[in-house]
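Each remark here refers to the structure printed beneath this line.
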Amino acid sequence: RDPRTSPRVPPKKEMASRVAVLAGAAVGGLVWVVLRRRKRVAGSEAELRAEMADAHVLSHHYGFDELVWNHISGRVDDGFLVTSGTHHFDEVRADEGLVKSSSENANITADVIHSAIYKARPDVGAIVHHHTTAVAAVGVMKSGLKYLVQDAAAFYGNVAYHDWEGVSDDYDECRRIAAALGDKHTLIMRNHGALTVGRTVAEAWVRYFYLERICKVQVACGQHELVEPPAAVLEHAAKQYVSNGHPSVFAHGRAEWPALRRLADRVRRGRALAVRC
């Protein structure tokens with residue numbers, strides 16, 4: 001064999017060294033991918049915490065909160081993050097006032113109500129639950145919610161009701177809450193309050209904002225004779241909030257949330273006046 005034309009065969013030790021280097025590179029690449037995924041997951045939870053903190057501050061700003069009670073939650077891989085029940089809403093930050101779901105939390109009602117929905121609805125990524133005055137008032141009316149104004153159209157055909165069973169500290173109520181909500185995005189809890197669900201914190205929070213607003217309109221109408229939109233018009237308007245099953249430009253939170261997060265920042269810096277109910 002002519003050494004000038006024959007391919008060089010590396011010695012066994014050199015071959016072993018090359019194999020080791022390649023194996024090390026493969027393992028290193030796998031570790032890098034795993035670390036990147038963990039970083040993405042951690043970053044995702046960090047962003048969720050930041051949005052939830054903003055949602056709490058906004059709830060306080062608009063007067064939705066009730067001291068340390070009521071709750072906002074967001075789904076994570078191992079359960080959900082939820083209001084701790086130990087902080088006023090304006091105190092909540094990404095690393096303070098939020099806890100992982102557990103029956104040992106200070107506010108067990110949060111775990112009962114929210115866990116019921118997350119188990120039954122994999123499409124839900126966030127839940128907002130408040131006892132605001134107008135929503136609670138509509139919740140005690142036998143008629144329930146009336147669809148009187150434009151903003152109400154987004155709720156048409158998407159509101160369910162759950163009868164009050166006392167303070168929600170019994171996990172047996174979970175299945176009844178989930179069954180009552182069904183596939184709707186809003187649950188009016190009679191003699192209690194209401195909750196709205198969404199794929200994101202933005203969607204759930206903005207949805208509750210409009211729920212309170214349309215309930216205020218209904219309460220303000222009193223006993224006057226009302227002009228209610230025809231069902232056909234409400235059905236048409238409800239479809240305008242979605243487009244072929246996907247959110248439209250009018251979908252809750254799509255346009256409003258970036259501006260609301262800037263408002264939350266101004267509130268923290270004392271540059272925005274509170275809007276109390």
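Lettering and numbering for the structure tokens are positional, with chains as A, B, ... in the shown order, residues counted from 1 in each chain, and ligands counted from 1 in the shown order.
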
DSSP helix (DSSP H, G or I) selection over range 39-260 of chain A, as a ChimeraX atom specification: /A:39-61,89-91,108-120,133-139,150-155,171-181,201-221,231-239,257-260

Tell me, in Å to one decimal, how far CA of His87 in chain A is from CA of Arg271 in chain A.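 Those two atoms sit 21.7 Å apart.
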
For Asn107 in chain A, work out the shell of residues within 9 Å, counting only C-alpha atoms and skipping chain neighbours fewer than 4 positions away, then give it as a PDB file with N, CA, C and O atoms, in the first residue's frame.
ATOM      1  N   TRP A  69     -59.199  39.299  50.563  1.00  0.00           N
ATOM      2  CA  TRP A  69     -60.003  38.224  49.976  1.00  0.00           C
ATOM      3  C   TRP A  69     -60.124  38.382  48.460  1.00  0.00           C
ATOM      4  O   TRP A  69     -59.586  39.307  47.881  1.00  0.00           O
ATOM      5  N   THR A  83     -53.657  34.020  44.489  1.00  0.00           N
ATOM      6  CA  THR A  83     -53.580  35.016  45.553  1.00  0.00           C
ATOM      7  C   THR A  83     -53.401  34.319  46.904  1.00  0.00           C
ATOM      8  O   THR A  83     -54.112  33.372  47.214  1.00  0.00           O
ATOM      9  N   SER A  84     -52.469  34.818  47.696  1.00  0.00           N
ATOM     10  CA  SER A  84     -52.133  34.138  48.953  1.00  0.00           C
ATOM     11  C   SER A  84     -53.194  34.290  50.031  1.00  0.00           C
ATOM     12  O   SER A  84     -53.322  33.443  50.918  1.00  0.00           O
ATOM     13  N   GLY A  85     -53.951  35.396  50.000  1.00  0.00           N
ATOM     14  CA  GLY A  85     -54.917  35.639  51.064  1.00  0.00           C
ATOM     15  C   GLY A  85     -54.284  36.278  52.285  1.00  0.00           C
ATOM     16  O   GLY A  85     -54.899  36.331  53.354  1.00  0.00           O
ATOM     17  N   THR A  86     -53.060  36.776  52.134  1.00  0.00           N
ATOM     18  CA  THR A  86     -52.349  37.401  53.256  1.00  0.00           C
ATOM     19  C   THR A  86     -51.914  38.831  52.956  1.00  0.00           C
ATOM     20  O   THR A  86     -51.340  39.496  53.802  1.00  0.00           O
ATOM     21  N   SER A 103     -54.066  22.947  49.677  1.00  0.00           N
ATOM     22  CA  SER A 103     -55.125  22.999  50.690  1.00  0.00           C
ATOM     23  C   SER A 103     -54.624  23.623  51.981  1.00  0.00           C
ATOM     24  O   SER A 103     -55.419  23.942  52.868  1.00  0.00           O
ATOM     25  N   ASP A 111     -58.338  27.725  46.645  1.00  0.00           N
ATOM     26  CA  ASP A 111     -57.938  26.422  46.131  1.00  0.00           C
ATOM     27  C   ASP A 111     -59.153  25.614  45.687  1.00  0.00           C
ATOM     28  O   ASP A 111     -59.123  24.956  44.641  1.00  0.00           O
ATOM     29  N   ASP A 169     -65.301  26.096  51.349  1.00  0.00           N
ATOM     30  CA  ASP A 169     -64.168  25.453  52.017  1.00  0.00           C
ATOM     31  C   ASP A 169     -64.248  23.934  51.946  1.00  0.00           C
ATOM     32  O   ASP A 169     -63.517  23.219  52.625  1.00  0.00           O
TER      33      ASP A 169
END

Determine which residues of range 51-182 of chain A DSSP labels as strand (DSSP E or B) from the backbone of this structure, then write them out as a PyMOL selection string. chain A and resi 66+69+71-76+79-83+93+96+98-100+126-130+159-162

Once you have the residues from the selection above, write them out as a PDB file, in the first residue's frame, restricted to N, CA and C atoms.
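Result file part27.pdb:
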ATOM      1  N   GLU A  66     -61.337  43.119  47.841  1.00  0.00           N
ATOM      2  CA  GLU A  66     -62.052  43.120  49.120  1.00  0.00           C
ATOM      3  C   GLU A  66     -61.056  42.751  50.219  1.00  0.00           C
ATOM      4  N   TRP A  69     -59.199  39.299  50.563  1.00  0.00           N
ATOM      5  CA  TRP A  69     -60.003  38.224  49.976  1.00  0.00           C
ATOM      6  C   TRP A  69     -60.124  38.382  48.460  1.00  0.00           C
ATOM      7  N   HIS A  71     -59.645  36.367  44.626  1.00  0.00           N
ATOM      8  CA  HIS A  71     -58.413  35.745  44.130  1.00  0.00           C
ATOM      9  C   HIS A  71     -58.290  35.747  42.616  1.00  0.00           C
ATOM     10  N   ILE A  72     -57.052  35.799  42.200  1.00  0.00           N
ATOM     11  CA  ILE A  72     -56.668  35.710  40.789  1.00  0.00           C
ATOM     12  C   ILE A  72     -55.656  34.572  40.680  1.00  0.00           C
ATOM     13  N   SER A  73     -55.784  33.753  39.654  1.00  0.00           N
ATOM     14  CA  SER A  73     -54.862  32.620  39.528  1.00  0.00           C
ATOM     15  C   SER A  73     -54.390  32.455  38.091  1.00  0.00           C
ATOM     16  N   GLY A  74     -53.292  31.711  37.939  1.00  0.00           N
ATOM     17  CA  GLY A  74     -52.738  31.406  36.625  1.00  0.00           C
ATOM     18  C   GLY A  74     -52.148  30.005  36.629  1.00  0.00           C
ATOM     19  N   ARG A  75     -52.382  29.268  35.566  1.00  0.00           N
ATOM     20  CA  ARG A  75     -51.933  27.876  35.505  1.00  0.00           C
ATOM     21  C   ARG A  75     -50.426  27.781  35.282  1.00  0.00           C
ATOM     22  N   VAL A  76     -49.777  26.859  36.001  1.00  0.00           N
ATOM     23  CA  VAL A  76     -48.382  26.499  35.782  1.00  0.00           C
ATOM     24  C   VAL A  76     -48.314  24.981  35.630  1.00  0.00           C
ATOM     25  N   GLY A  79     -49.561  22.856  38.709  1.00  0.00           N
ATOM     26  CA  GLY A  79     -50.740  23.330  39.424  1.00  0.00           C
ATOM     27  C   GLY A  79     -51.111  24.731  38.984  1.00  0.00           C
ATOM     28  N   PHE A  80     -51.261  25.630  39.940  1.00  0.00           N
ATOM     29  CA  PHE A  80     -51.532  27.024  39.583  1.00  0.00           C
ATOM     30  C   PHE A  80     -51.053  27.948  40.692  1.00  0.00           C
ATOM     31  N   LEU A  81     -50.729  29.167  40.285  1.00  0.00           N
ATOM     32  CA  LEU A  81     -50.392  30.230  41.220  1.00  0.00           C
ATOM     33  C   LEU A  81     -51.669  30.971  41.562  1.00  0.00           C
ATOM     34  N   VAL A  82     -51.797  31.402  42.821  1.00  0.00           N
ATOM     35  CA  VAL A  82     -53.034  32.054  43.224  1.00  0.00           C
ATOM     36  C   VAL A  82     -52.759  33.074  44.327  1.00  0.00           C
ATOM     37  N   THR A  83     -53.657  34.020  44.489  1.00  0.00           N
ATOM     38  CA  THR A  83     -53.580  35.016  45.553  1.00  0.00           C
ATOM     39  C   THR A  83     -53.401  34.319  46.904  1.00  0.00           C
ATOM     40  N   ARG A  93     -46.729  41.414  44.477  1.00  0.00           N
ATOM     41  CA  ARG A  93     -45.662  41.536  43.493  1.00  0.00           C
ATOM     42  C   ARG A  93     -45.384  40.150  42.914  1.00  0.00           C
ATOM     43  N   GLU A  96     -44.139  38.131  45.723  1.00  0.00           N
ATOM     44  CA  GLU A  96     -44.762  38.335  47.029  1.00  0.00           C
ATOM     45  C   GLU A  96     -46.284  38.359  46.888  1.00  0.00           C
ATOM     46  N   LEU A  98     -48.205  35.753  46.129  1.00  0.00           N
ATOM     47  CA  LEU A  98     -48.683  34.682  45.264  1.00  0.00           C
ATOM     48  C   LEU A  98     -48.147  33.356  45.775  1.00  0.00           C
ATOM     49  N   VAL A  99     -48.985  32.326  45.781  1.00  0.00           N
ATOM     50  CA  VAL A  99     -48.565  31.014  46.275  1.00  0.00           C
ATOM     51  C   VAL A  99     -49.004  29.928  45.297  1.00  0.00           C
ATOM     52  N   LYS A 100     -48.347  28.781  45.386  1.00  0.00           N
ATOM     53  CA  LYS A 100     -48.763  27.624  44.604  1.00  0.00           C
ATOM     54  C   LYS A 100     -50.024  27.025  45.235  1.00  0.00           C
ATOM     55  N   ALA A 126     -56.163  31.072  33.154  1.00  0.00           N
ATOM     56  CA  ALA A 126     -56.228  32.048  34.242  1.00  0.00           C
ATOM     57  C   ALA A 126     -57.676  32.240  34.675  1.00  0.00           C
ATOM     58  N   ILE A 127     -57.846  32.624  35.950  1.00  0.00           N
ATOM     59  CA  ILE A 127     -59.179  32.829  36.524  1.00  0.00           C
ATOM     60  C   ILE A 127     -59.145  34.084  37.392  1.00  0.00           C
ATOM     61  N   VAL A 128     -60.198  34.888  37.286  1.00  0.00           N
ATOM     62  CA  VAL A 128     -60.347  36.073  38.135  1.00  0.00           C
ATOM     63  C   VAL A 128     -61.663  35.944  38.892  1.00  0.00           C
ATOM     64  N   HIS A 129     -61.597  36.058  40.229  1.00  0.00           N
ATOM     65  CA  HIS A 129     -62.802  35.932  41.062  1.00  0.00           C
ATOM     66  C   HIS A 129     -62.886  37.128  42.001  1.00  0.00           C
ATOM     67  N   HIS A 130     -64.005  37.875  41.899  1.00  0.00           N
ATOM     68  CA  HIS A 130     -64.225  39.027  42.766  1.00  0.00           C
ATOM     69  C   HIS A 130     -65.664  39.063  43.258  1.00  0.00           C
ATOM     70  N   VAL A 159     -72.580  32.819  29.812  1.00  0.00           N
ATOM     71  CA  VAL A 159     -72.694  33.039  31.253  1.00  0.00           C
ATOM     72  C   VAL A 159     -73.443  31.875  31.899  1.00  0.00           C
ATOM     73  N   ALA A 160     -72.874  31.352  32.978  1.00  0.00           N
ATOM     74  CA  ALA A 160     -73.501  30.275  33.735  1.00  0.00           C
ATOM     75  C   ALA A 160     -73.731  30.749  35.171  1.00  0.00           C
ATOM     76  N   TYR A 161     -74.472  29.955  35.952  1.00  0.00           N
ATOM     77  CA  TYR A 161     -74.818  30.338  37.326  1.00  0.00           C
ATOM     78  C   TYR A 161     -74.564  29.181  38.283  1.00  0.00           C
ATOM     79  N   HIS A 162     -74.168  29.546  39.495  1.00  0.00           N
ATOM     80  CA  HIS A 162     -73.926  28.545  40.540  1.00  0.00           C
ATOM     81  C   HIS A 162     -74.557  29.039  41.831  1.00  0.00           C
TER      82      HIS A 162
END

Here is a test: counting only C-alpha atoms, which residue of A:Ala232, A:Ile188, A:Ala264, A:Ala272 is nearest to Val140 in chain A? A:Ile188

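Going from CA of Val249 in chain A over to CA of Leu234 in chain A, you cover 17.8 Å.
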
Length of the CA of Cys221 in chain A to CA of Ala152 in chain A vector [Å]: 14.5 Å

Any idea what's packed within 12 Å of range 250-261 of chain A, counting only C-alpha atoms, ignoring anything in its chain fewer than 5 positions away? Could you give it as a count of residues only? 47

Of the residues A:His131, A:Arg121, A:Lys216, A:His236, which is the one nearest to Asp183 in chain A, using only C-alpha atoms?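 Smallest separation from Asp183 in chain A among the options: A:Arg121.
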
Do a neighbour search on Leu145 in chain A at 8 Å with only C-alpha atoms, toss out local chain neighbours closer than 4 positions, and write the hits as a PyMOL selection string. chain A and resi 138-139+215+218

Measuring atom to atom with only C-alpha atoms, identify which of A:Ser44, A:Thr109, A:Ser115, A:Ser248 is nearest to Ala178 in chain A.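 Distance minimum relative to Ala178 in chain A lands on A:Ser115.
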
Have a look at A:His224, A:Val124, A:Arg176, A:Trp164 and name the one nearest to Ala194 in chain A; count only C-alpha atoms.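 Of the candidates, the smallest distance to Ala194 in chain A is held by A:Trp164.
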